[in-house]
Every structure is written in C-alpha cells, then in structure tokens.
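So this block is input10.cif, mmCIF, C-alpha atoms:
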data_model
loop_
_atom_site.label_atom_id
_atom_site.label_comp_id
_atom_site.auth_asym_id
_atom_site.auth_seq_id
_atom_site.Cartn_x
_atom_site.Cartn_y
_atom_site.Cartn_z
CA MET A 4 28.45 31.56 -7.16
CA SER A 5 28.11 28.07 -5.66
CA ALA A 6 27.90 24.86 -7.65
CA ALA A 7 24.40 24.16 -6.33
CA LEU A 8 23.14 27.46 -7.74
CA ILE A 9 24.65 26.74 -11.18
CA LEU A 10 23.10 23.24 -11.11
CA ASP A 11 19.67 24.65 -10.31
CA ALA A 12 19.98 27.28 -13.06
CA CYS A 13 21.00 24.59 -15.61
CA LEU A 14 18.10 22.40 -14.50
CA VAL A 15 15.55 25.21 -14.84
CA LEU A 16 16.82 26.14 -18.32
CA LEU A 17 16.78 22.49 -19.43
CA VAL A 18 13.24 21.86 -18.12
CA LEU A 19 11.96 25.04 -19.78
CA ALA A 20 13.70 24.17 -23.06
CA VAL A 21 12.25 20.63 -23.11
CA ALA A 22 8.79 21.98 -22.21
CA VAL A 23 8.87 24.54 -25.05
CA TRP A 24 10.19 21.90 -27.46
CA THR A 25 7.38 19.50 -26.48
CA ILE A 26 4.71 22.14 -27.09
CA ALA A 27 6.26 23.20 -30.40
CA ALA A 28 6.58 19.61 -31.72
CA ARG A 29 4.11 19.11 -34.56
CA GLU A 30 3.95 15.32 -34.64
CA THR A 31 2.46 13.22 -31.83
CA PHE A 32 5.38 10.84 -31.38
CA PRO A 33 8.15 13.44 -30.85
CA ALA A 34 5.83 15.36 -28.52
CA ILE A 35 5.36 12.23 -26.37
CA ALA A 36 9.14 11.57 -26.36
CA GLY A 37 9.63 15.17 -25.20
CA PHE A 38 6.93 14.87 -22.55
CA VAL A 39 8.42 11.68 -21.05
CA SER A 40 11.87 13.35 -20.97
CA TYR A 41 10.23 16.32 -19.25
CA GLY A 42 8.74 13.98 -16.61
CA LEU A 43 12.10 12.32 -15.92
CA LEU A 44 13.73 15.77 -15.60
CA LEU A 45 11.02 16.90 -13.17
CA ALA A 46 12.01 14.02 -10.87
CA ILE A 47 15.45 15.64 -10.54
CA VAL A 48 13.81 19.05 -9.95
CA TRP A 49 11.74 17.62 -7.06
CA VAL A 50 14.91 16.15 -5.53
CA ARG A 51 16.50 19.63 -5.67
CA LEU A 52 13.37 20.98 -3.91
CA SER A 53 13.95 18.37 -1.14
CA SER A 54 10.65 16.62 -1.98
CA VAL A 55 11.99 13.11 -2.46
CA ASP A 56 8.51 11.54 -2.07
CA VAL A 57 7.18 13.67 -4.91
CA ALA A 58 10.30 12.87 -6.97
CA LEU A 59 9.57 9.15 -6.64
CA THR A 60 5.96 9.69 -7.70
CA GLU A 61 7.00 11.86 -10.64
CA ALA A 62 9.55 9.27 -11.80
CA ALA A 63 6.95 6.49 -11.57
CA ILE A 64 4.02 8.35 -13.13
CA GLY A 65 5.83 10.76 -15.49
CA GLY A 66 8.46 8.29 -16.65
CA GLY A 67 6.45 5.07 -16.61
CA ALA A 68 2.69 5.23 -16.81
CA THR A 69 2.09 8.49 -18.70
CA GLY A 70 4.33 7.57 -21.64
CA VAL A 71 2.52 4.30 -22.34
CA LEU A 72 -0.85 5.95 -21.76
CA LEU A 73 -0.10 8.72 -24.29
CA LEU A 74 1.34 6.27 -26.84
CA GLY A 75 -1.85 4.18 -26.57
CA ALA A 76 -3.97 7.32 -26.96
CA ALA A 77 -1.96 8.39 -30.02
CA ALA A 78 -2.43 4.94 -31.61
CA ARG A 79 -6.19 5.10 -30.99
CA LEU A 80 -6.36 8.67 -32.36
CA THR A 81 -4.81 7.79 -35.71
CA ASP A 82 -7.10 4.76 -35.86
CA ARG A 83 -10.26 6.82 -35.73
CA ALA A 84 -11.39 10.02 -37.46
CA GLY A 85 -8.70 12.11 -39.16
CA ARG A 86 -7.27 14.94 -37.12
CA ARG A 87 -7.70 18.54 -38.16
CA PRO A 88 -5.08 21.05 -37.00
CA ALA A 89 -6.52 23.49 -34.47
CA GLY A 90 -7.56 26.88 -35.86
CA ILE A 91 -5.69 30.05 -34.98
CA GLY A 92 -8.51 31.21 -32.69
CA LEU A 93 -8.42 28.02 -30.63
CA ARG A 94 -4.65 28.23 -30.34
CA ILE A 95 -4.78 31.83 -29.10
CA MET A 96 -7.48 30.83 -26.58
CA ALA A 97 -5.41 27.86 -25.31
CA GLY A 98 -2.31 30.05 -25.05
CA ALA A 99 -4.22 32.77 -23.18
CA LEU A 100 -5.68 30.20 -20.76
CA CYS A 101 -2.23 28.71 -20.04
CA LEU A 102 -0.79 32.20 -19.56
CA ALA A 103 -3.59 33.12 -17.14
CA ILE A 104 -3.02 29.95 -15.07
CA THR A 105 0.76 30.55 -15.01
CA ALA A 106 0.24 34.19 -13.98
CA ALA A 107 -2.18 33.19 -11.21
CA LEU A 108 0.22 30.54 -9.88
CA ALA A 109 3.17 32.95 -10.05
CA PHE A 110 1.12 35.60 -8.22
CA VAL A 111 0.19 33.18 -5.43
CA ILE A 112 3.79 31.97 -4.99
CA LEU A 113 5.24 35.49 -5.02
CA THR A 114 2.71 36.88 -2.52
CA LEU A 115 3.16 34.04 0.02
CA PRO A 116 3.98 35.48 3.45
CA ASP A 117 7.52 34.82 4.67
CA PRO A 118 7.81 32.30 6.34
CA ALA A 119 5.06 30.49 4.41
CA PRO A 120 2.24 29.04 6.55
CA THR A 121 3.00 25.38 7.30
CA LEU A 122 1.63 22.48 9.30
CA ALA A 123 4.94 20.58 9.06
CA PRO A 124 5.91 21.04 12.78
CA GLN A 125 2.52 19.64 13.89
CA ALA A 126 2.85 16.73 11.41
CA VAL A 127 6.26 15.83 12.84
CA ALA A 128 5.08 16.33 16.45
CA GLY A 129 2.30 13.76 15.98
CA LEU A 130 4.59 11.08 14.49
CA PRO A 131 5.19 9.06 17.70
CA ALA A 132 1.44 8.36 18.01
CA THR A 133 1.35 6.77 14.52
CA GLY A 134 4.54 4.71 14.88
CA VAL A 135 5.76 5.60 11.36
CA GLY A 136 8.82 7.76 10.74
CA ASN A 137 7.91 9.37 7.40
CA PRO A 138 5.64 12.39 8.02
CA ILE A 139 4.21 12.12 4.49
CA THR A 140 3.02 8.54 5.08
CA ALA A 141 1.55 9.70 8.40
CA VAL A 142 -0.36 12.50 6.63
CA LEU A 143 -1.57 10.17 3.85
CA VAL A 144 -2.71 7.18 5.90
CA ALA A 145 -3.25 8.59 9.41
CA TYR A 146 -3.99 12.34 9.69
CA ARG A 147 -5.76 12.67 6.36
CA GLY A 148 -6.68 9.02 5.90
CA ILE A 149 -10.16 9.96 4.70
CA ASP A 150 -8.69 11.82 1.69
CA THR A 151 -6.57 8.82 0.71
CA LEU A 152 -9.52 6.47 1.15
CA LEU A 153 -11.75 8.59 -1.08
CA GLU A 154 -8.91 9.03 -3.61
CA LYS A 155 -8.64 5.25 -4.00
CA ILE A 156 -12.40 5.01 -4.51
CA VAL A 157 -12.12 7.72 -7.19
CA LEU A 158 -9.47 5.56 -8.89
CA LEU A 159 -11.93 2.64 -8.82
CA LEU A 160 -14.56 4.88 -10.41
CA ALA A 161 -12.00 5.80 -13.09
CA VAL A 162 -11.46 2.10 -13.82
CA ILE A 163 -15.23 1.62 -14.16
CA GLY A 164 -15.34 4.68 -16.43
CA VAL A 165 -12.67 3.23 -18.73
CA TRP A 166 -14.45 -0.13 -18.84
CA CYS A 167 -17.69 1.69 -19.76
CA LEU A 168 -16.01 2.78 -23.00
CA THR A 169 -15.86 -0.85 -24.18
CA PRO A 170 -18.14 -1.43 -27.19
CA ASP A 171 -20.96 -3.91 -26.43
CA ASP A 172 -19.72 -6.66 -28.73
CA SER A 173 -16.18 -6.74 -27.31
CA TRP A 174 -17.12 -6.87 -23.60
CA GLY A 175 -14.89 -9.47 -22.01
CA ALA A 176 -12.47 -9.47 -24.94
CA LEU A 177 -8.74 -8.95 -24.39
CA PRO A 178 -7.68 -5.34 -24.79
CA ALA A 179 -5.74 -5.33 -28.08
CA PRO A 180 -2.87 -4.76 -28.93
CA TRP A 181 -1.74 -6.21 -25.63
CA GLY A 182 -0.75 -9.80 -25.19
CA THR A 183 0.25 -10.59 -28.75
CA ALA A 184 3.34 -12.77 -28.64
CA ARG A 185 6.44 -10.90 -29.77
CA GLN A 186 9.23 -12.32 -31.81
CA ASP A 187 11.69 -9.62 -30.71
CA ASP A 188 14.00 -11.61 -28.46
CA ALA A 189 15.55 -8.48 -26.96
CA ILE A 190 12.28 -7.27 -25.45
CA VAL A 191 11.37 -10.75 -24.14
CA LEU A 192 14.83 -11.03 -22.54
CA LEU A 193 14.53 -7.54 -21.02
CA ALA A 194 11.09 -8.37 -19.60
CA ARG A 195 12.41 -11.60 -18.08
CA LEU A 196 15.41 -9.83 -16.50
CA LEU A 197 13.93 -6.46 -15.54
CA ALA A 198 10.50 -7.47 -14.23
CA PRO A 199 11.71 -9.56 -11.23
CA VAL A 200 14.16 -6.80 -10.25
CA GLY A 201 11.41 -4.21 -10.68
CA VAL A 202 8.99 -6.14 -8.47
CA VAL A 203 11.60 -6.27 -5.69
CA VAL A 204 12.25 -2.53 -6.07
CA GLY A 205 8.51 -1.78 -6.01
CA VAL A 206 7.96 -3.76 -2.81
CA TYR A 207 11.07 -2.16 -1.30
CA ILE A 208 9.78 1.36 -2.06
CA VAL A 209 6.50 0.53 -0.28
CA TRP A 210 8.33 -1.00 2.68
CA VAL A 211 10.74 1.92 3.28
CA GLY A 212 7.75 4.29 2.92
CA ALA A 213 7.09 3.85 6.66
CA ASP A 214 10.26 5.66 7.68
CA ASP A 215 11.81 7.12 4.50
CA PRO A 216 10.49 8.58 1.25
CA GLY A 217 8.38 6.01 -0.58
CA GLY A 218 4.92 4.54 -0.19
CA ALA A 219 2.03 2.60 -1.67
CA PHE A 220 1.42 4.86 -4.67
CA GLN A 221 5.04 5.01 -5.84
CA GLY A 222 5.63 1.30 -5.26
CA GLY A 223 2.28 0.36 -6.79
CA THR A 224 3.02 2.32 -9.95
CA ILE A 225 6.41 0.60 -10.32
CA LEU A 226 4.68 -2.79 -9.93
CA ALA A 227 2.12 -1.71 -12.55
CA ALA A 228 4.94 -0.76 -14.94
CA MET A 229 6.50 -4.20 -14.51
CA TRP A 230 3.11 -5.89 -15.12
CA LEU A 231 2.73 -3.80 -18.30
CA LEU A 232 6.29 -4.68 -19.38
CA VAL A 233 5.63 -8.42 -19.13
CA MET A 234 2.38 -7.98 -21.08
CA MET A 235 4.08 -5.84 -23.73
CA ALA A 236 6.65 -8.59 -24.22
CA GLY A 237 3.75 -11.01 -24.77
CA LEU A 238 4.80 -13.26 -21.90
CA ILE A 239 1.37 -13.07 -20.24
CA ALA A 240 -2.02 -12.05 -21.60
CA PRO A 241 -3.86 -9.06 -20.09
CA LEU A 242 -6.83 -9.86 -17.86
CA PRO A 243 -10.23 -9.00 -19.38
CA ALA A 244 -12.65 -6.72 -17.51
CA THR A 245 -14.81 -9.75 -16.67
CA SER A 246 -12.00 -11.46 -14.74
CA ARG A 247 -13.12 -12.10 -11.12
CA ARG A 248 -9.48 -12.38 -10.00
CA LEU A 249 -8.66 -8.92 -11.37
CA ARG A 250 -11.76 -7.40 -9.78
CA ARG A 251 -10.90 -8.90 -6.37
CA VAL A 252 -7.40 -7.36 -6.51
CA LEU A 253 -8.85 -3.99 -7.61
CA VAL A 254 -11.25 -3.89 -4.66
CA ALA A 255 -8.96 -5.48 -2.02
CA GLY A 256 -7.10 -2.29 -1.00
CA PRO A 257 -10.05 0.11 -0.67
CA ALA A 258 -12.14 -2.66 0.98
CA LEU A 259 -9.48 -3.37 3.62
CA PHE A 260 -8.99 0.37 4.20
CA LEU A 261 -12.76 0.76 4.69
CA ALA A 262 -12.90 -2.27 7.03
CA VAL A 263 -10.09 -0.88 9.21
CA ALA A 264 -11.80 2.53 9.16
CA PHE A 265 -15.06 1.03 10.50
CA ALA A 266 -13.17 -1.18 12.96
CA GLY A 267 -11.90 2.12 14.39
CA PHE A 268 -15.33 2.56 16.05
CA ALA A 269 -14.80 -0.65 18.03
CA MET A 270 -11.06 -0.28 18.66
CA SER A 271 -10.70 3.38 19.61
CA GLY A 272 -14.12 4.90 19.33
CA ASP A 273 -13.98 6.76 16.01
CA PHE A 274 -14.05 6.28 12.24
CA LEU A 275 -10.51 5.80 10.82
CA SER A 276 -8.75 6.05 14.19
CA TYR A 277 -6.03 3.53 14.89
CA PRO A 278 -5.26 2.29 18.41
CA PRO A 279 -1.71 3.63 19.07
CA ALA A 280 -0.38 0.18 20.03
CA TYR A 281 -1.14 -1.29 16.57
CA ALA A 282 -1.07 1.93 14.50
CA LYS A 283 2.12 1.13 12.59
CA TRP A 284 1.04 -2.43 11.76
CA LEU A 285 -2.39 -1.32 10.62
CA ILE A 286 -0.84 1.42 8.45
CA LYS A 287 1.58 -1.07 6.84
CA LEU A 288 -1.25 -3.58 6.30
CA ILE A 289 -3.38 -0.93 4.57
CA GLU A 290 -0.39 0.20 2.49
CA ALA A 291 0.36 -3.38 1.42
CA ALA A 292 -3.23 -4.01 0.27
CA LEU A 293 -3.42 -0.59 -1.39
CA THR A 294 -0.18 -1.29 -3.29
CA LEU A 295 -1.68 -4.34 -5.00
CA SER A 296 -4.89 -2.48 -5.83
CA ILE A 297 -3.03 0.60 -7.12
CA ALA A 298 -0.81 -1.60 -9.31
CA ALA A 299 -3.92 -3.25 -10.77
CA MET A 300 -5.73 0.09 -11.20
CA VAL A 301 -2.84 1.85 -12.94
CA GLY A 302 -2.31 -1.22 -15.16
CA VAL A 303 -5.98 -1.41 -16.16
CA LEU A 304 -6.17 2.36 -16.77
CA VAL A 305 -3.09 2.31 -19.00
CA ILE A 306 -4.23 -0.74 -21.00
CA GLY A 307 -7.59 0.92 -21.66
CA PRO A 308 -10.83 -0.65 -22.83
CA ALA A 309 -11.04 -3.60 -25.22
CA VAL A 310 -11.26 -2.41 -28.81
CA ARG A 311 -13.95 -3.41 -31.29
CA LYS A 312 -13.13 -6.46 -33.34
CA ARG A 313 -13.38 -5.85 -37.05
CA MET B 10 33.90 17.53 -1.31
CA GLY B 11 30.18 18.32 -1.51
CA GLU B 12 30.93 21.29 -3.75
CA PHE B 13 33.02 19.11 -6.08
CA LEU B 14 30.29 16.45 -6.32
CA THR B 15 27.60 19.06 -7.03
CA GLY B 16 29.89 20.57 -9.66
CA SER B 17 30.29 17.13 -11.26
CA ALA B 18 26.49 16.69 -11.25
CA CYS B 19 26.25 20.06 -12.98
CA PHE B 20 28.76 18.95 -15.63
CA VAL B 21 26.89 15.67 -16.28
CA LEU B 22 23.62 17.60 -16.57
CA ALA B 23 25.17 20.00 -19.09
CA MET B 24 26.39 17.05 -21.17
CA VAL B 25 22.93 15.44 -21.02
CA ALA B 26 21.45 18.74 -22.19
CA LEU B 27 23.81 18.82 -25.18
CA GLY B 28 22.93 15.22 -26.03
CA LEU B 29 19.24 15.95 -25.67
CA VAL B 30 19.45 18.79 -28.21
CA ARG B 31 20.92 16.42 -30.78
CA ILE B 32 18.52 13.55 -30.01
CA LEU B 33 15.27 15.51 -29.94
CA ARG B 34 16.10 17.19 -33.26
CA GLY B 35 15.78 13.78 -34.85
CA PRO B 36 15.44 13.48 -37.80
CA ALA B 37 13.86 10.01 -37.32
CA ASP B 38 11.59 8.96 -34.46
CA ALA B 39 14.09 6.19 -33.70
CA ASP B 40 16.56 8.92 -32.66
CA ARG B 41 14.00 10.45 -30.32
CA ILE B 42 13.40 7.11 -28.59
CA MET B 43 16.91 7.56 -27.21
CA ALA B 44 15.80 10.61 -25.17
CA PRO B 45 14.36 8.67 -22.20
CA GLN B 46 17.39 6.35 -22.37
CA LEU B 47 19.78 9.30 -22.20
CA LEU B 48 17.83 10.90 -19.35
CA GLY B 49 17.76 7.55 -17.60
CA THR B 50 21.54 7.11 -17.54
CA GLY B 51 22.34 10.83 -17.18
CA GLY B 52 19.62 11.35 -14.56
CA ILE B 53 20.90 8.42 -12.49
CA ALA B 54 24.42 9.90 -12.55
CA VAL B 55 23.13 13.34 -11.48
CA LEU B 56 20.96 11.88 -8.71
CA LEU B 57 23.69 9.60 -7.33
CA LEU B 58 26.15 12.52 -7.26
CA LEU B 59 23.56 14.68 -5.51
CA ALA B 60 22.80 11.90 -3.00
CA ALA B 61 26.50 11.74 -2.10
CA ALA B 62 26.87 15.53 -2.09
CA THR B 63 23.91 16.24 0.18
CA GLY B 64 24.10 13.05 2.26
CA ALA B 65 20.50 12.08 1.45
CA PRO B 66 20.40 8.28 0.96
CA ALA B 67 16.71 8.37 -0.08
CA VAL B 68 17.75 10.07 -3.33
CA VAL B 69 19.44 6.79 -4.31
CA ASP B 70 15.93 5.23 -4.36
CA VAL B 71 14.83 7.87 -6.86
CA ALA B 72 17.82 6.95 -9.04
CA LEU B 73 16.79 3.29 -8.75
CA SER B 74 13.21 4.00 -9.89
CA LEU B 75 14.51 6.20 -12.70
CA ALA B 76 16.73 3.33 -13.91
CA LEU B 77 13.75 0.95 -14.01
CA LEU B 78 11.26 3.31 -15.57
CA ALA B 79 13.53 4.84 -18.21
CA ALA B 80 14.16 1.31 -19.53
CA PHE B 81 10.41 0.63 -19.38
CA ALA B 82 9.62 3.86 -21.28
CA SER B 83 12.15 2.93 -23.99
CA VAL B 84 10.45 -0.45 -24.48
CA ALA B 85 7.08 1.27 -24.79
CA PHE B 86 8.44 3.65 -27.45
CA VAL B 87 10.13 0.87 -29.40
CA LEU B 88 6.93 -1.22 -29.43
CA ALA B 89 4.84 1.79 -30.46
CA LYS B 90 7.13 2.35 -33.44
CA GLY B 91 7.79 -1.31 -34.27
CA SER B 92 5.69 -3.33 -36.69
CA PRO B 93 2.88 -4.09 -36.32
CA ALA B 94 2.12 -0.77 -34.62
CA PRO B 95 -0.07 -1.08 -31.52
CA GLY B 96 -3.67 -0.19 -32.24
CA LYS B 97 -3.27 -1.18 -35.87
CA ALA B 98 -2.59 -4.85 -35.24
CA ASP B 99 -6.29 -5.61 -35.47
CA GLU B 100 -7.01 -3.74 -38.67
CA PRO B 101 -8.02 -5.79 -41.67
#
Represent the structure from my file as structure tokens, please.
Amino acid sequence: MSAALILDACLVLLVLAVAVWTIAARETFPAIAGFVSYGLLLAIVWVRLSSVDVALTEAAIGGGATGVLLLGAAARLTDRAGRRPAGIGLRIMAGALCLAITAALAFVILTLPDPAPTLAPQAVAGLPATGVGNPITAVLVAYRGIDTLLEKIVLLLAVIGVWCLTPDDSWGALPAPWGTARQDDAIVLLARLLAPVGVVVGVYIVWVGADDPGGAFQGGTILAAMWLLVMMAGLIAPLPATSRRLRRVLVAGPALFLAVAFAGFAMSGDFLSYPPAYAKWLIKLIEAALTLSIAAMVGVLVIGPAVRKR
Amino acid sequence: MGEFLTGSACFVLAMVALGLVRILRGPADADRIMAPQLLGTGGIAVLLLLAAATGAPAVVDVALSLALLAAFASVAFVLAKGSPAPGKADEP
C-alpha cells in the first residue's frame, strides 16, 4: 500500500469525522468552529483531487468568509426571538432529504461511463487563441464568459437583497457591531501586520491566475477577508450602503465586463468575443476590475445590513 | 523521495487529527477556537510536503492562502467570543 493511498484514506476519515461532529454539535459556536475546520480540510482534499483552483476557492470561502458570516448570523439569531429545538419529525425529514441527495450523487458518480465525458482536451486546444495559460481562467472569462458575467450580476443582486433587509430608520447607518474601536492590542497589531501581506497575496493570486491556478474570485475573497480584518480591529469604519464610493467599486467590475462584451461587436463582430491580439490583456483587465468588485461584494455580504438602533 | 514526503504528510495529518479530537471536545469554546489555528499550521505543513512530493508549485499558493485565512478565522472567533459580543454591543 502506497503512502499516497494511506494519506487519502486518513483525509477521508478525518473529513467524515469532522462533518459528523459538526452536525452532532448542539451549540451554535462549536458547530461553526467544526464547520470552518471542515472547510480548511476540504481545501486539502481538493489538492489531492488535483483541483488546485477549487482548493484556493475553498480555502478562501470556507476558511475566511463563511466563518465570519455564520458567526454574524449566530449573533443575530440569539438577539432575536428565542430558538426552539427542531421536533423529531423535522429532524427525520431533514435526515431523509440529506440521505436522498447523497444517494442521488453517489448513484450519478458510480454510473459515470469510463472514461467520464470531458471537454478538457477542447479547452486546452483553444488556449492559444485566448493567450492565457490556465484553462480554468479561459473557461471562466473566455469560453463561458456569459456565465461569469451573469454570476457577477447575481452577486450584485444579492448585495441589493441584503441591503433591502435594513430597517427604514437605520438606512445609511453603519452596520454594527463593525467599526467599534478595539482595545485589544494583539488584534490591532495582527491587523496592521497581516493585512498588507494579505493584500499582496490576494493581488498575486489574481495575477498568477492567467497561467497557474488562481483568479479573480479567489484573490477577491482574500482581499475581502483583509478588508474585514482591518474593520474587525476597528482601524477603519465600514462603509454604509449609501456610500457612493462603495457603490462605484461594486459596479465597476460587472460594468467593465459588460462594456468589453458590447465592444466585442465592434472589435470582432460578436458579443463577448475578444480580438485574439488583445485577448490576454482584455481578460486581465476584466479580472482586475472584477477582483475589486468581488472583494467589495463579499465584504458587504459578510457585514450584512445595518441593525436597528435601540 | 516522493514516497517519503507523502508519508511525512500522512504523519502530520494523523497528528493534526489527534489534536483536533482533543480541541473539538472542548470543554470551553476558547479551546475550540484553536481548531482553525491547528488546521492552519498542520494544513500548511501537509500542503507544503505534498507540493514537494508531487512537484506542483501551485499547491504552495494554497498553503499561503490557508496561512492567511486560518489566522483571519481565529480573529473572527476570538472577537465573536470576546466582550462585548458582536451583535450585542448595541443592546441597552
């Protein structure tokens, strides 16, 4: 038995154990700690499955954004109406639903023809026309650019949806509890040291995304995490929903993407088609603008709406 | 050499698993905050060993992001548990 096989077996057992522990945890806080650990472990699983791009996304979303999002949700839950434990009927229903989804997924995976149908050779064959070296970036911004464009607009809609939850009298207020100055020197020091390093790493991940695993979403989420870190340390105040500056950054990426898409009619005769001579530069330009917008979107979504002043 | 490095990654992962059992059992939430920290350091070690074993330099970038975000997650947990608790700061 090879070392790689033992490693994979250990990893599977550990992920399953943490998943079961997370579901079995009765209190919110331990469950969130378990879930964040589960996300960090999944990043290693994706590396073992040779999907380094997905591993980067999982590390950024599962390790960074989701934890803060869930902690915020837990704080808001205890604030409002008291929680009742779910009845036995609901639990059985939820368990049955999860089991059905797992069974369906397992069935699909096990009945895949061998070799599984794939478009990977075509994706790699078309790479020279796009100028980028990472087939996943080519799929995201070139071959299936329309999906990515619409996905970013969905994210904008999500931001609007979160802002809609703001009570009338606190529209334009700062989203509490963010931005309160902290006295804990350790966290302020960490934010001062880690945030600049994190910003460089985020930009780097976007930049290498052209030829190696990485890209706008992974880099943008890391930037968002660093923005949140500085706000959590109380070094800067969060921007309210009425901030024009924030709104411009939110819209910049999708707007530029849309402009380049329409310019495709003039440049090469079709919506979202890049002239081969400038394809790489256009793709990097779109990625750069999208990174800023994604960082702002993820940050705003995690902070959540302003809460009612009492 | 690759086999040895993968074996070392396996050993580190097993140690992380043992640590995780102790940490997640608690008893206090402060103990459980250490879980993302442990997975941060342990995960980086596993990923760096794997990157060397399989000759995939991009995996080093994953280790880099994990280092950043595990620290970030720990801060979020500490602040959520610290006083005043987020979400309750505004209560009368």
Once you count all atoms listed in the file, which residues of chain A turn out to be within 7 Å of chain B? Could you give them as a PyMOL selection string?
chain A and resi 6-7+10+17+33+36+39-40+43+47+55+58-59+62-63+66-67+70-71+74+78-79+179-180+201+215-216+232+313
Within-10 Å shell of (-15.3, -15.4, -20.4) in input frame, all atoms listed in the file, as an MDAnalysis selection string
chainID A and resid 174:176 243:246
Requested write-out: C-alpha atoms of the selected residues, as a PDB file, in the frame of the given file:
ATOM      1  CA  TRP A 174     -17.120  -6.870 -23.600  1.00  0.00           C
ATOM      2  CA  GLY A 175     -14.890  -9.470 -22.010  1.00  0.00           C
ATOM      3  CA  ALA A 176     -12.470  -9.470 -24.940  1.00  0.00           C
ATOM      4  CA  PRO A 243     -10.230  -9.000 -19.380  1.00  0.00           C
ATOM      5  CA  ALA A 244     -12.650  -6.720 -17.510  1.00  0.00           C
ATOM      6  CA  THR A 245     -14.810  -9.750 -16.670  1.00  0.00           C
ATOM      7  CA  SER A 246     -12.000 -11.460 -14.740  1.00  0.00           C
TER       8      SER A 246
END
Which residues are near segment 185-199 of chain A? Cut-off 6 Å, all atoms listed in the file, ignore same chain within fewer than 5 positions. Put them as a list in words.
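The residues that qualify are Met229, Val233, Ala236 and Gly237 of chain A.
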Give the answer as one residue: which of A:Leu261, A:Ala76, A:Ala12, A:Leu108 has the shortest atom-to-atom distance to Ile35 of chain A, using only C-alpha atoms?
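Once distances to Ile35 of chain A are computed over only C-alpha atoms, the minimum belongs to A:Ala76.
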In Å to one decimal, how far is atom CA of Thr114 of chain A from atom CA of Leu143 of chain A?
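For atom CA of Leu143 of chain A relative to atom CA of Thr114 of chain A, the distance reads 27.8 Å.
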What does the distance between atom CA of Ala97 of chain A and atom CA of Trp49 of chain A come to in Å, to one decimal place?
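These atoms are spaced 27.1 Å apart.
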Rounded to one decimal, what separation in Å do you get between atom CA of Val203 of chain A and atom CA of Leu153 of chain A?
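One can read the atom CA of Val203 of chain A to atom CA of Leu153 of chain A distance as 28.1 Å.
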Hey, what's within 12 Å of Val252 of chain A if we count all atoms listed in the file and toss same-chain stuff fewer than 6 positions away? As a PyMOL selection string, please?
chain A and resi 159+242+246+258-259+291-300+302-303
Shortest interatomic distance to Val202 of chain A - which of A:Trp230, A:Ala262, A:Ala109, A:Gly217, counting all atoms listed in the file
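Closest candidate: A:Trp230.
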Got a sec: who's within 9 Å of Val127 of chain A, counting all atoms listed in the file, leaving out chain neighbours fewer than 5 positions off, as a PyMOL selection string?
chain A and resi 122+136-138+141
Supply segment 212-229 of chain A as a compact mmCIF listing (two decimals), keeping the file's coordinate frame, with N, CA and C atoms built in where the input has gaps.
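As a result, result.txt now contains:
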# COMPACT_ATOMS: atom_id res chain seq x y z
N GLY A 212 8.66 3.15 2.81
CA GLY A 212 7.75 4.29 2.92
C GLY A 212 7.35 4.59 4.35
N ALA A 213 7.47 3.60 5.27
CA ALA A 213 7.09 3.85 6.66
C ALA A 213 8.02 4.87 7.30
N ASP A 214 9.30 4.80 6.98
CA ASP A 214 10.26 5.66 7.68
C ASP A 214 11.04 6.59 6.75
N ASP A 215 11.06 6.30 5.47
CA ASP A 215 11.81 7.12 4.50
C ASP A 215 10.89 7.43 3.33
N PRO A 216 11.33 8.32 2.42
CA PRO A 216 10.49 8.58 1.25
C PRO A 216 10.13 7.30 0.51
N GLY A 217 8.89 7.21 0.09
CA GLY A 217 8.38 6.01 -0.58
C GLY A 217 6.93 5.86 -0.20
N GLY A 218 6.31 4.74 -0.58
CA GLY A 218 4.92 4.54 -0.19
C GLY A 218 4.16 3.72 -1.20
N ALA A 219 2.86 3.52 -0.87
CA ALA A 219 2.03 2.60 -1.67
C ALA A 219 1.88 3.08 -3.11
N PHE A 220 1.70 4.39 -3.31
CA PHE A 220 1.42 4.86 -4.67
C PHE A 220 2.64 4.71 -5.57
N GLN A 221 3.82 5.12 -5.05
CA GLN A 221 5.04 5.01 -5.84
C GLN A 221 5.36 3.55 -6.14
N GLY A 222 5.33 2.71 -5.08
CA GLY A 222 5.63 1.30 -5.26
C GLY A 222 4.62 0.62 -6.17
N GLY A 223 3.34 0.95 -5.97
CA GLY A 223 2.28 0.36 -6.79
C GLY A 223 2.45 0.69 -8.26
N THR A 224 2.84 1.94 -8.55
CA THR A 224 3.02 2.32 -9.95
C THR A 224 4.20 1.59 -10.58
N ILE A 225 5.27 1.36 -9.79
CA ILE A 225 6.41 0.60 -10.32
C ILE A 225 5.97 -0.84 -10.61
N LEU A 226 5.18 -1.43 -9.70
CA LEU A 226 4.68 -2.79 -9.93
C LEU A 226 3.81 -2.81 -11.20
N ALA A 227 2.97 -1.77 -11.36
CA ALA A 227 2.12 -1.71 -12.55
C ALA A 227 2.98 -1.66 -13.82
N ALA A 228 4.07 -0.87 -13.78
CA ALA A 228 4.94 -0.76 -14.94
C ALA A 228 5.54 -2.12 -15.28
N MET A 229 5.90 -2.89 -14.25
CA MET A 229 6.50 -4.20 -14.51
C MET A 229 5.46 -5.17 -15.08
